[in-house]
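Enquirer: Data: model-v3.pdb, PDB, C-alpha atoms.
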```
ATOM      1  CA  MET X   7      -6.843 -12.108   9.914  1.00  0.00           C
ATOM      2  CA  LEU X   8      -3.400 -13.286  10.922  1.00  0.00           C
ATOM      3  CA  THR X   9      -1.152 -10.745  12.618  1.00  0.00           C
ATOM      4  CA  ASP X  10       2.585 -10.348  12.013  1.00  0.00           C
ATOM      5  CA  VAL X  11       3.196 -11.890  15.450  1.00  0.00           C
ATOM      6  CA  ASP X  12       1.180 -14.980  14.455  1.00  0.00           C
ATOM      7  CA  ILE X  13       3.094 -15.300  11.197  1.00  0.00           C
ATOM      8  CA  ASN X  14       6.473 -14.941  12.926  1.00  0.00           C
ATOM      9  CA  LYS X  15       5.543 -17.685  15.411  1.00  0.00           C
ATOM     10  CA  MET X  16       4.466 -19.993  12.610  1.00  0.00           C
ATOM     11  CA  ASN X  17       7.684 -19.334  10.713  1.00  0.00           C
ATOM     12  CA  ARG X  18       9.701 -20.386  13.761  1.00  0.00           C
ATOM     13  CA  LEU X  19       7.643 -23.576  14.113  1.00  0.00           C
ATOM     14  CA  MET X  20       8.108 -24.394  10.431  1.00  0.00           C
ATOM     15  CA  GLU X  21      11.870 -24.038  10.767  1.00  0.00           C
ATOM     16  CA  GLU X  22      11.893 -26.457  13.698  1.00  0.00           C
ATOM     17  CA  ASN X  23       9.710 -29.237  12.298  1.00  0.00           C
ATOM     18  CA  LYS X  24       9.148 -30.334   8.666  1.00  0.00           C
ATOM     19  CA  ASP X  25       5.803 -31.988   9.431  1.00  0.00           C
ATOM     20  CA  VAL X  26       4.580 -28.796  11.110  1.00  0.00           C
ATOM     21  CA  LYS X  27       5.808 -26.822   8.103  1.00  0.00           C
ATOM     22  CA  GLN X  28       3.647 -28.874   5.740  1.00  0.00           C
ATOM     23  CA  ILE X  29       0.551 -28.519   7.932  1.00  0.00           C
ATOM     24  CA  ILE X  30       0.979 -24.762   8.491  1.00  0.00           C
ATOM     25  CA  SER X  31       1.700 -24.174   4.794  1.00  0.00           C
ATOM     26  CA  GLN X  32      -1.594 -25.838   3.916  1.00  0.00           C
ATOM     27  CA  LEU X  33      -3.447 -23.867   6.591  1.00  0.00           C
ATOM     28  CA  LEU X  34      -1.974 -20.605   5.307  1.00  0.00           C
ATOM     29  CA  GLU X  35      -2.952 -21.472   1.758  1.00  0.00           C
ATOM     30  CA  ASN X  36      -6.514 -22.202   2.904  1.00  0.00           C
ATOM     31  CA  HIS X  37      -6.537 -18.953   4.903  1.00  0.00           C
ATOM     32  CA  HIS X  38      -5.474 -16.856   1.892  1.00  0.00           C
ATOM     33  CA  THR X  39      -7.994 -18.637  -0.341  1.00  0.00           C
ATOM     34  CA  ALA X  40     -10.825 -17.987   2.120  1.00  0.00           C
ATOM     35  CA  VAL X  41     -10.004 -14.280   2.465  1.00  0.00           C
ATOM     36  CA  SER X  42      -9.762 -13.870  -1.312  1.00  0.00           C
ATOM     37  CA  MET X  43     -13.088 -15.656  -1.855  1.00  0.00           C
ATOM     38  CA  ILE X  44     -14.882 -13.559   0.769  1.00  0.00           C
ATOM     39  CA  ALA X  45     -13.497 -10.298  -0.645  1.00  0.00           C
ATOM     40  CA  HIS X  46     -14.422 -11.402  -4.167  1.00  0.00           C
ATOM     41  CA  GLU X  47     -17.969 -12.437  -3.249  1.00  0.00           C
ATOM     42  CA  ILE X  48     -18.644  -9.148  -1.465  1.00  0.00           C
ATOM     43  CA  ARG X  49     -16.922  -6.923  -4.020  1.00  0.00           C
ATOM     44  CA  ASN X  50     -18.871  -8.170  -7.041  1.00  0.00           C
ATOM     45  CA  PRO X  51     -22.408  -7.297  -5.849  1.00  0.00           C
ATOM     46  CA  LEU X  52     -21.128  -4.106  -4.245  1.00  0.00           C
ATOM     47  CA  THR X  53     -19.641  -3.039  -7.586  1.00  0.00           C
ATOM     48  CA  LEU X  54     -23.009  -3.686  -9.252  1.00  0.00           C
ATOM     49  CA  VAL X  55     -24.754  -1.550  -6.639  1.00  0.00           C
ATOM     50  CA  SER X  56     -22.223   1.235  -7.185  1.00  0.00           C
ATOM     51  CA  SER X  57     -22.666   1.065 -10.973  1.00  0.00           C
ATOM     52  CA  SER X  58     -26.456   1.121 -10.676  1.00  0.00           C
ATOM     53  CA  LEU X  59     -26.356   4.189  -8.450  1.00  0.00           C
ATOM     54  CA  GLN X  60     -24.010   5.978 -10.851  1.00  0.00           C
ATOM     55  CA  ILE X  61     -26.380   5.260 -13.754  1.00  0.00           C
ATOM     56  CA  MET X  62     -29.287   6.493 -11.655  1.00  0.00           C
ATOM     57  CA  GLU X  63     -27.348   9.682 -10.933  1.00  0.00           C
ATOM     58  CA  VAL X  64     -26.739  10.287 -14.648  1.00  0.00           C
ATOM     59  CA  GLN X  65     -30.355   9.607 -15.614  1.00  0.00           C
ATOM     60  CA  HIS X  66     -31.834  11.512 -12.700  1.00  0.00           C
ATOM     61  CA  PRO X  67     -29.453  14.318 -11.655  1.00  0.00           C
ATOM     62  CA  GLU X  68     -31.932  15.489  -9.053  1.00  0.00           C
ATOM     63  CA  VAL X  69     -30.930  12.583  -6.784  1.00  0.00           C
ATOM     64  CA  LYS X  70     -27.728  14.502  -6.003  1.00  0.00           C
ATOM     65  CA  GLU X  71     -29.896  16.789  -3.906  1.00  0.00           C
ATOM     66  CA  PHE X  72     -31.295  13.932  -1.853  1.00  0.00           C
ATOM     67  CA  HIS X  73     -30.362  13.913   1.805  1.00  0.00           C
ATOM     68  CA  ASN X  74     -27.182  11.837   2.404  1.00  0.00           C
ATOM     69  CA  TRP X  75     -26.862  10.863  -1.292  1.00  0.00           C
ATOM     70  CA  LYS X  76     -23.287  12.099  -1.519  1.00  0.00           C
ATOM     71  CA  GLN X  77     -22.328  10.381   1.737  1.00  0.00           C
ATOM     72  CA  THR X  78     -23.891   7.115   0.546  1.00  0.00           C
ATOM     73  CA  MET X  79     -21.893   7.211  -2.697  1.00  0.00           C
ATOM     74  CA  GLU X  80     -18.692   7.948  -0.795  1.00  0.00           C
ATOM     75  CA  ASP X  81     -19.354   5.100   1.660  1.00  0.00           C
ATOM     76  CA  ILE X  82     -19.886   2.612  -1.169  1.00  0.00           C
ATOM     77  CA  GLN X  83     -16.695   3.727  -2.890  1.00  0.00           C
ATOM     78  CA  PHE X  84     -14.831   3.391   0.396  1.00  0.00           C
ATOM     79  CA  MET X  85     -16.063  -0.189   0.817  1.00  0.00           C
ATOM     80  CA  CYS X  86     -15.003  -1.042  -2.748  1.00  0.00           C
ATOM     81  CA  ASP X  87     -11.559   0.446  -2.114  1.00  0.00           C
ATOM     82  CA  LEU X  88     -11.266  -1.419   1.180  1.00  0.00           C
ATOM     83  CA  LEU X  89     -12.086  -4.763  -0.443  1.00  0.00           C
ATOM     84  CA  ASN X  90      -9.586  -4.090  -3.231  1.00  0.00           C
ATOM     85  CA  GLU X  91      -6.876  -3.264  -0.712  1.00  0.00           C
ATOM     86  CA  LEU X  92      -7.768  -6.272   1.444  1.00  0.00           C
ATOM     87  CA  SER X  93      -7.401  -8.538  -1.577  1.00  0.00           C
ATOM     88  CA  SER X  94      -4.064  -6.931  -2.470  1.00  0.00           C
ATOM     89  CA  PHE X  95      -2.843  -7.229   1.119  1.00  0.00           C
ATOM     90  CA  ASN X  96      -3.864 -10.881   1.276  1.00  0.00           C
ATOM     91  CA  ASN X  97      -1.744 -11.632  -1.796  1.00  0.00           C
ATOM     92  CA  SER X  98       1.177  -9.372  -0.872  1.00  0.00           C
ATOM     93  CA  ASN X  99       3.432 -12.317   0.012  1.00  0.00           C
ATOM     94  CA  THR X 100       2.999 -13.865  -3.438  1.00  0.00           C
ATOM     95  CA  LEU X 101       5.646 -12.408  -5.721  1.00  0.00           C
ATOM     96  CA  HIS X 102       5.985 -12.688  -9.494  1.00  0.00           C
ATOM     97  CA  HIS X 103       9.700 -12.271 -10.056  1.00  0.00           C
ATOM     98  CA  SER X 104      11.377 -10.757 -13.063  1.00  0.00           C
ATOM     99  CA  VAL X 105      14.703  -9.085 -13.735  1.00  0.00           C
ATOM    100  CA  PHE X 106      14.480  -5.354 -14.415  1.00  0.00           C
ATOM    101  CA  SER X 107      16.358  -2.086 -14.094  1.00  0.00           C
ATOM    102  CA  ILE X 108      15.565  -0.667 -10.666  1.00  0.00           C
ATOM    103  CA  GLU X 109      16.876   2.707 -11.832  1.00  0.00           C
ATOM    104  CA  LYS X 110      14.440   2.826 -14.756  1.00  0.00           C
ATOM    105  CA  LEU X 111      11.522   1.738 -12.550  1.00  0.00           C
ATOM    106  CA  LEU X 112      12.231   4.485 -10.006  1.00  0.00           C
ATOM    107  CA  LYS X 113      12.587   7.146 -12.688  1.00  0.00           C
ATOM    108  CA  ASN X 114       9.278   6.089 -14.247  1.00  0.00           C
ATOM    109  CA  ILE X 115       7.600   6.280 -10.840  1.00  0.00           C
ATOM    110  CA  ALA X 116       9.026   9.759 -10.273  1.00  0.00           C
ATOM    111  CA  VAL X 117       7.750  10.958 -13.656  1.00  0.00           C
ATOM    112  CA  SER X 118       4.274   9.492 -13.075  1.00  0.00           C
ATOM    113  CA  PHE X 119       4.020  11.100  -9.659  1.00  0.00           C
ATOM    114  CA  ALA X 120       5.215  14.474 -10.974  1.00  0.00           C
ATOM    115  CA  ILE X 121       2.566  14.341 -13.705  1.00  0.00           C
ATOM    116  CA  SER X 122      -0.136  13.605 -11.133  1.00  0.00           C
ATOM    117  CA  LEU X 123       0.942  16.667  -9.132  1.00  0.00           C
ATOM    118  CA  ASP X 124       0.850  18.877 -12.226  1.00  0.00           C
ATOM    119  CA  ALA X 125      -2.642  17.626 -13.049  1.00  0.00           C
ATOM    120  CA  SER X 126      -3.894  18.500  -9.568  1.00  0.00           C
ATOM    121  CA  ASP X 127      -2.667  22.103  -9.870  1.00  0.00           C
ATOM    122  CA  CYS X 128      -1.181  22.145  -6.360  1.00  0.00           C
ATOM    123  CA  ASP X 129       1.891  23.963  -5.026  1.00  0.00           C
ATOM    124  CA  ILE X 130       3.807  20.861  -3.965  1.00  0.00           C
ATOM    125  CA  GLU X 131       7.485  20.872  -4.926  1.00  0.00           C
ATOM    126  CA  PHE X 132       8.649  17.414  -5.973  1.00  0.00           C
ATOM    127  CA  SER X 133      12.218  16.345  -6.669  1.00  0.00           C
ATOM    128  CA  SER X 134      13.974  13.040  -7.264  1.00  0.00           C
ATOM    129  CA  ARG X 135      17.570  11.906  -6.950  1.00  0.00           C
ATOM    130  CA  ILE X 136      17.971   8.476  -8.516  1.00  0.00           C
ATOM    131  CA  SER X 137      21.567   7.292  -8.668  1.00  0.00           C
ATOM    132  CA  GLN X 138      22.862   5.804 -11.904  1.00  0.00           C
ATOM    133  CA  GLY X 139      24.395   2.376 -12.312  1.00  0.00           C
ATOM    134  CA  MET X 140      22.349   0.562  -9.669  1.00  0.00           C
ATOM    135  CA  GLY X 141      22.119  -2.457 -11.946  1.00  0.00           C
ATOM    136  CA  ASP X 142      19.393  -5.024 -12.430  1.00  0.00           C
ATOM    137  CA  PHE X 143      17.072  -6.135  -9.651  1.00  0.00           C
ATOM    138  CA  THR X 144      15.138  -9.374  -9.272  1.00  0.00           C
ATOM    139  CA  GLY X 145      11.711  -8.940  -7.722  1.00  0.00           C
ATOM    140  CA  ASP X 146       8.042  -8.190  -8.299  1.00  0.00           C
ATOM    141  CA  LYS X 147       8.115  -5.014 -10.383  1.00  0.00           C
ATOM    142  CA  ILE X 148       4.398  -4.259 -10.129  1.00  0.00           C
ATOM    143  CA  LYS X 149       4.172  -4.682  -6.367  1.00  0.00           C
ATOM    144  CA  LEU X 150       7.283  -2.602  -5.731  1.00  0.00           C
ATOM    145  CA  GLU X 151       5.785   0.150  -7.863  1.00  0.00           C
ATOM    146  CA  GLU X 152       2.578  -0.024  -5.816  1.00  0.00           C
ATOM    147  CA  VAL X 153       4.572   0.304  -2.584  1.00  0.00           C
ATOM    148  CA  LEU X 154       6.535   3.351  -3.725  1.00  0.00           C
ATOM    149  CA  LEU X 155       3.511   5.111  -5.197  1.00  0.00           C
ATOM    150  CA  ASN X 156       1.703   4.455  -1.915  1.00  0.00           C
ATOM    151  CA  LEU X 157       4.546   6.089   0.044  1.00  0.00           C
ATOM    152  CA  LEU X 158       4.543   9.073  -2.317  1.00  0.00           C
ATOM    153  CA  GLN X 159       0.777   9.445  -2.001  1.00  0.00           C
ATOM    154  CA  ASN X 160       1.082   9.348   1.795  1.00  0.00           C
ATOM    155  CA  ALA X 161       3.707  12.097   1.554  1.00  0.00           C
ATOM    156  CA  ARG X 162       1.339  14.102  -0.624  1.00  0.00           C
ATOM    157  CA  ASP X 163      -1.422  13.751   1.952  1.00  0.00           C
ATOM    158  CA  ALA X 164       1.005  14.809   4.680  1.00  0.00           C
ATOM    159  CA  VAL X 165       2.077  18.059   3.002  1.00  0.00           C
ATOM    160  CA  GLY X 166      -1.419  19.124   1.937  1.00  0.00           C
ATOM    161  CA  GLU X 167      -1.636  21.712  -0.839  1.00  0.00           C
ATOM    162  CA  SER X 168       1.945  22.945  -0.488  1.00  0.00           C
ATOM    163  CA  GLY X 169       5.252  21.595   0.705  1.00  0.00           C
ATOM    164  CA  SER X 170       8.084  19.495  -0.626  1.00  0.00           C
ATOM    165  CA  ILE X 171       8.554  15.798  -1.367  1.00  0.00           C
ATOM    166  CA  CYS X 172      11.761  14.078  -2.411  1.00  0.00           C
ATOM    167  CA  LEU X 173      12.269  10.554  -3.744  1.00  0.00           C
ATOM    168  CA  SER X 174      15.878   9.364  -3.617  1.00  0.00           C
ATOM    169  CA  ALA X 175      17.612   6.044  -4.263  1.00  0.00           C
ATOM    170  CA  GLU X 176      21.138   4.713  -4.256  1.00  0.00           C
ATOM    171  CA  ARG X 177      23.041   1.478  -4.081  1.00  0.00           C
ATOM    172  CA  SER X 178      24.846   0.861  -0.798  1.00  0.00           C
ATOM    173  CA  ALA X 179      27.044  -2.246  -0.921  1.00  0.00           C
ATOM    174  CA  ASP X 180      24.596  -5.098  -1.617  1.00  0.00           C
ATOM    175  CA  ASP X 181      21.440  -3.085  -0.909  1.00  0.00           C
ATOM    176  CA  ILE X 182      19.208  -0.663  -2.758  1.00  0.00           C
ATOM    177  CA  VAL X 183      18.185   2.129  -0.372  1.00  0.00           C
ATOM    178  CA  ILE X 184      15.113   4.158  -1.354  1.00  0.00           C
ATOM    179  CA  GLN X 185      13.843   7.127   0.642  1.00  0.00           C
ATOM    180  CA  CYS X 186      10.615   9.103   0.432  1.00  0.00           C
ATOM    181  CA  ARG X 187      10.989  12.346   2.367  1.00  0.00           C
ATOM    182  CA  ASP X 188       8.432  15.102   3.014  1.00  0.00           C
ATOM    183  CA  ASN X 189       8.187  18.249   5.127  1.00  0.00           C
ATOM    184  CA  GLY X 190       4.564  17.676   6.025  1.00  0.00           C
ATOM    185  CA  CYS X 191       2.674  17.297   9.281  1.00  0.00           C
ATOM    186  CA  GLY X 192       4.815  14.484  10.661  1.00  0.00           C
ATOM    187  CA  ILE X 193       3.649  11.575  12.801  1.00  0.00           C
ATOM    188  CA  PRO X 194       2.948  11.902  16.547  1.00  0.00           C
ATOM    189  CA  ALA X 195       5.291   9.820  18.690  1.00  0.00           C
ATOM    190  CA  ASP X 196       2.427   7.802  20.195  1.00  0.00           C
ATOM    191  CA  HIS X 197       1.305   6.759  16.683  1.00  0.00           C
ATOM    192  CA  MET X 198       4.694   5.545  15.493  1.00  0.00           C
ATOM    193  CA  THR X 199       4.436   2.071  17.005  1.00  0.00           C
ATOM    194  CA  ARG X 200       1.143   1.308  15.256  1.00  0.00           C
ATOM    195  CA  ILE X 201       1.350   2.818  11.773  1.00  0.00           C
ATOM    196  CA  PHE X 202       2.254  -0.579  10.268  1.00  0.00           C
ATOM    197  CA  ASP X 203      -0.606  -2.386  12.032  1.00  0.00           C
ATOM    198  CA  MET X 204      -3.566  -3.520   9.959  1.00  0.00           C
ATOM    199  CA  PHE X 205      -6.703  -1.355   9.950  1.00  0.00           C
ATOM    200  CA  VAL X 206      -4.985   1.325  12.039  1.00  0.00           C
ATOM    201  CA  THR X 207      -5.256   4.665  10.268  1.00  0.00           C
ATOM    202  CA  TYR X 208      -5.058   8.288  11.303  1.00  0.00           C
ATOM    203  CA  LYS X 209      -6.180   9.658   7.926  1.00  0.00           C
ATOM    204  CA  GLU X 210      -9.711  10.589   7.042  1.00  0.00           C
ATOM    205  CA  ASN X 211     -11.187   7.861   4.806  1.00  0.00           C
ATOM    206  CA  GLY X 212      -8.036   5.754   5.225  1.00  0.00           C
ATOM    207  CA  THR X 213      -8.330   1.968   5.208  1.00  0.00           C
ATOM    208  CA  GLY X 214      -5.326   1.210   7.402  1.00  0.00           C
ATOM    209  CA  LEU X 215      -3.937  -1.285   4.879  1.00  0.00           C
ATOM    210  CA  GLY X 216      -1.513   0.819   2.833  1.00  0.00           C
ATOM    211  CA  LEU X 217       1.530   0.707   5.120  1.00  0.00           C
ATOM    212  CA  PRO X 218       0.995  -2.918   6.291  1.00  0.00           C
ATOM    213  CA  PHE X 219       0.707  -3.842   2.601  1.00  0.00           C
ATOM    214  CA  ALA X 220       3.952  -1.997   1.867  1.00  0.00           C
ATOM    215  CA  ARG X 221       5.818  -3.671   4.711  1.00  0.00           C
ATOM    216  CA  ARG X 222       4.682  -7.174   3.745  1.00  0.00           C
ATOM    217  CA  ILE X 223       5.800  -6.696   0.145  1.00  0.00           C
ATOM    218  CA  ILE X 224       9.191  -5.309   1.138  1.00  0.00           C
ATOM    219  CA  GLU X 225       9.725  -8.110   3.665  1.00  0.00           C
ATOM    220  CA  ALA X 226       8.685 -10.682   1.040  1.00  0.00           C
ATOM    221  CA  HIS X 227      11.613  -9.329  -1.001  1.00  0.00           C
ATOM    222  CA  GLY X 228      13.905  -9.907   1.983  1.00  0.00           C
ATOM    223  CA  GLY X 229      14.091  -6.207   2.806  1.00  0.00           C
ATOM    224  CA  PHE X 230      12.690  -3.888   5.434  1.00  0.00           C
ATOM    225  CA  ILE X 231      11.014  -0.504   5.751  1.00  0.00           C
ATOM    226  CA  THR X 232      11.582   2.073   8.499  1.00  0.00           C
ATOM    227  CA  VAL X 233      10.305   5.546   9.277  1.00  0.00           C
ATOM    228  CA  ASP X 234      11.732   8.633  10.969  1.00  0.00           C
ATOM    229  CA  SER X 235       9.349  11.457  11.736  1.00  0.00           C
ATOM    230  CA  VAL X 236       9.157  14.700  13.691  1.00  0.00           C
ATOM    231  CA  LEU X 237       5.738  16.144  14.412  1.00  0.00           C
ATOM    232  CA  GLY X 238       5.272  19.359  12.454  1.00  0.00           C
ATOM    233  CA  GLU X 239       8.484  18.902  10.469  1.00  0.00           C
ATOM    234  CA  GLY X 240       7.955  15.881   8.244  1.00  0.00           C
ATOM    235  CA  SER X 241       8.675  12.189   7.720  1.00  0.00           C
ATOM    236  CA  THR X 242      11.178   9.970   5.930  1.00  0.00           C
ATOM    237  CA  PHE X 243      10.283   6.417   4.926  1.00  0.00           C
ATOM    238  CA  THR X 244      13.291   4.264   4.036  1.00  0.00           C
ATOM    239  CA  VAL X 245      13.026   1.061   2.025  1.00  0.00           C
ATOM    240  CA  THR X 246      16.057  -1.236   1.996  1.00  0.00           C
ATOM    241  CA  LEU X 247      16.121  -4.043  -0.565  1.00  0.00           C
ATOM    242  CA  PRO X 248      18.892  -6.644  -0.845  1.00  0.00           C
ATOM    243  CA  ILE X 249      20.251  -7.175  -4.357  1.00  0.00           C
TER     244      ILE X 249
END
```
Would you kindly transcribe this structure into structure tokens?
Expert:
Amino acid sequence: MLTDVDINKMNRLMEENKDVKQIISQLLENHHTAVSMIAHEIRNPLTLVSSSLQIMEVQHPEVKEFHNWKQTMEDIQFMCDLLNELSSFNNSNTLHHSVFSIEKLLKNIAVSFAISLDASDCDIEFSSRISQGMGDFTGDKIKLEEVLLNLLQNARDAVGESGSICLSAERSADDIVIQCRDNGCGIPADHMTRIFDMFVTYKENGTGLGLPFARRIIEAHGGFITVDSVLGEGSTFTVTLPI
């Protein structure tokens, strides 16, 4: 898997030489195709195995009492989730642009997240402050929604069963600035430099692809994502998108 350092080096080479650009572009296309094919070929039989085990569990409830049955089911689900996220990450640089109201998208995301909190019957306090009149935005609506929901879910994991989360957005000159703030556990200083690295995770059952996926999508839109965090006090993720 290519790292961000590798990609940055290749981008510099492509800017310097048109022939190199054509060769690297083809290599990158082949690389993405290979990763997608591998993920697809593994995911399909794994999904069949998962489905078969679920049917077995319904038909023979006693298997739930078998030693390590629960752990086996959780491990299979984790592998399915990992392959899904790997496929999404691999295609995160491919955007399907449309023109849409960024204000409406953010408000819909806030409503969906609030509903999910209500359904879980937790004591998390959620608020949103979405400025009006931010205008239309050109980008990949679905992938931006995935990024923001991922940040909100991370905030939810950070605060546990109680705490506060705030989603805010405003237009600043020629940028849309979106912040996801929580008063959860915070991020240790020695983890801060690696939280956007692939397969690096400090969460139980985490895949280590969520934040790298988010950063690649935001950067594909020409923006950037930053984080400020204090251990024991909370974190603020800021997404800046050029209009």
Enquirer: Residues at most 9 Å from X:Phe243, counting all atoms listed in the file, excluding those fewer than 3 positions away in the same chain, as an NGL selection string?
Expert: :X and (157 or 184-187 or 231-235)
Enquirer: Can you list, as a PyMOL selection string, every protein, DNA or RNA residue that comes within 9 Å of X:Glu151 when you count only C-alpha atoms, leaving out same-chain residues fewer than 5 positions away?
Expert: chain X and resi 111-112+115+146+156
Enquirer: Here is a test: counting only C-alpha atoms, which residue of X:Glu131, X:Gly166, X:Val105, X:Glu176 is nearest to X:Ile148?
Expert: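 When distances to X:Ile148 are compared using only C-alpha atoms, the smallest one comes from X:Val105.
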Enquirer: Would you work out the distance separating atom CA of X:Pro194 from atom CA of X:Gly240, expressed in Å to one decimal?
Expert: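 It comes out at 10.5 Å.
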Enquirer: Would you write out, as a ChimeraX atom specification, every residue that the PyMOL selection byres ((chain X and resi 134) around 10) captures in this file?
Expert: /X:112-113,115-117,120,132-133,135-137,171-175,185-186
Enquirer: For X:Asp142, work out the shell of residues within 9 Å, counting only C-alpha atoms and skipping chain neighbours fewer than 4 positions away, then give it as a PyMOL selection string.
Expert: chain X and resi 105-109+249
Enquirer: Interatomic distance between atom CA of X:Ala125 and atom CA of X:Asp163?
Expert: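 Distance reported for this atom pair: 15.5 Å.
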Enquirer: May I ask for the distance between atom CA of X:Met198 and atom CA of X:Leu217, given in Å to one decimal place?
Expert: 11.9 Å
Enquirer: Which residue gives the smallest distance to X:Ala220 among X:Leu237, X:Ser178, X:Leu150, X:Ser168, with only C-alpha atoms counted?
Expert: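 Closest candidate: X:Leu150.
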Enquirer: Using only C-alpha atoms, can you tell me which of X:Phe119, X:Ile130, X:Leu101, X:Glu80 comes closest to X:Val165?
Expert: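 Looking only at the distances to X:Val165, the closest residue turns out to be X:Ile130.
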Enquirer: Carefully work through the PyMOL selection byres ((chain X and resi 229) around 12) for this structure and note down the residues it includes, as an MDAnalysis selection string.
Expert: chainID X and resid 145 150 180:184 220:228 230:232 244:249
Enquirer: Do you know which residues are at most 12 Å from stretch 53-58 of chain X counting only C-alpha atoms, after dropping those on the same chain fewer than 6 positions away, and could you put them as a PyMOL selection string?
Expert: chain X and resi 45-47+64-66+78-87+89-90
